[in-house]
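The block underneath contains the structure these notes are about, expressed in structure tokens.
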Amino acid sequence: MGERVPEKAQPAIRHGGNLGRVRLLFPKAPEPWIDLSTGINPHSYPHSPIPASAFARLPEPSAVETLKEIAATAFGAPSAAHTVAAPGTQMLMPLLAQIAVGRGAKSCGVLSPAYAEHARTARMAGLSVTEVSDIEALAAFDYAVVINPNNPDGRVWERSEVLKLADALGQKGGMLVVDEAFIETGYAESVADATTSDGLVVLRSFGKFYGMAGIRLGFAIACPDIAESLESRLGPWAVSGPALHIASEALVDQAWRDGMRLRLKEDSQRLNGLLEKVSLSIAGGTSLFTLVRDAQVQDLSIHLMRNGILTRTFDERPDDLRFGLPGVEAEWIRLEAALVEFHSAPGTSRHPRA
């Protein structure tokens, strides 16, 4: 019947992408593993060859400034002075929370369910964190976080709602952080152009949409005072030479971006159709991931891992399971076969939940 999964091994991995752990838990699973546990584009940006100097030399400050100008234009930021390049948005989260604490913030509200690192890094900075389900409730806090479109359920908030909240927080000296990691998919409207005061900060990811999470690159868009404070905390050479080379090409390639949005939309429709074919109830998502809700997803997740397929489960929401996009055709075939096998197994009952 395959590997026996120890009880302590069954709770969800805190983040997606931990193939090392699941290989230990399921040593007999077929290789190569298919990692659907993250919302990363499986079709990476086809950048030009990286020059040897990008590895051999420290990045030139002028190259960072050029990237900031390119990013400001690509993201709709007011200027390069409003733009901070960092080794992933993960590095920016604790720094923003520290800045908020330095301005007197004591409480943090996170619109939930949400990417767990926002709450964790806020607590690390000394903030009292509360997760809420209503965007209007965030106005009561000193520091607030909204992910738009949301991860993991793909919920979208209107630009007017977000700006109203930013204004309410700004008027009392608070700060709203809007994480737009998945906004390149076209599901939500950015507020990056509105970062003209210290009450609003926008985070933009590079690795997810461009399929290059490994180069560790992200951006903050904020008023120049906050941008300068972030850069001083990051220190020199925060962004690697290879990341500067790749992003400076990718962020000006509008044709690739437009074509990829269409491709991801088609892939997402294919994934949703496959999941619905086996009676899984879709609870939300973007074109980079789909969230399903079903009473049997814990069993399904284990079945998929036995077949060398990793998805994203959630300890706090045991009926939720998130699927990223397969890449090559062989991955689609393996996923469909594993899903159909689970759906057709004797004794398997389907209990979708809306």
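How things are named: the first chain in the structure tokens is A, the next is B, and so on; residues count from 1 in each chain; ligands count from 1 in the order shown.
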>> Taking the DSSP secondary structure from the backbone, can you list the residues of region 84-143 of chain A that are strand (DSSP E), as an MDAnalysis selection string?
In response: chainID A and resid 84:86 107:111 128:132 143
>> So that I can see what lies close to Leu203 (chain A), please list as a ChimeraX atom specification the residues with an atom at most 9 Å from it, counting only C-alpha atoms and leaving out residues fewer than 4 positions away in the same chain.
In response: /A:89,92-93,177-181,192,218-222
>> I need the residues of region 116-215 of chain A that end up classed as helix (DSSP H, G or I) by DSSP on the backbone, written out as number ranges by chain.
In response: A: 116-124, 135-140, 159-171, 183-185, 192-194, 207-210, 213-215
>> Let me make sure I understand: among A:Leu264, A:Ala29, A:Ala194, A:Ala86, which one has the smallest atom-to-atom distance to Pro42 (chain A) if we use only C-alpha atoms?
In response: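 For Pro42 (chain A), the nearest of the candidates is A:Leu264.
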> When you draw a straight line from CA of Ser53 (chain A) to CA of Trp237 (chain A), how long is it in Å?
Replying inline: 14.6 Å
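Of note, CA of Val132 (chain A) and CA of Cys108 (chain A) are spaced 10.3 Å apart.
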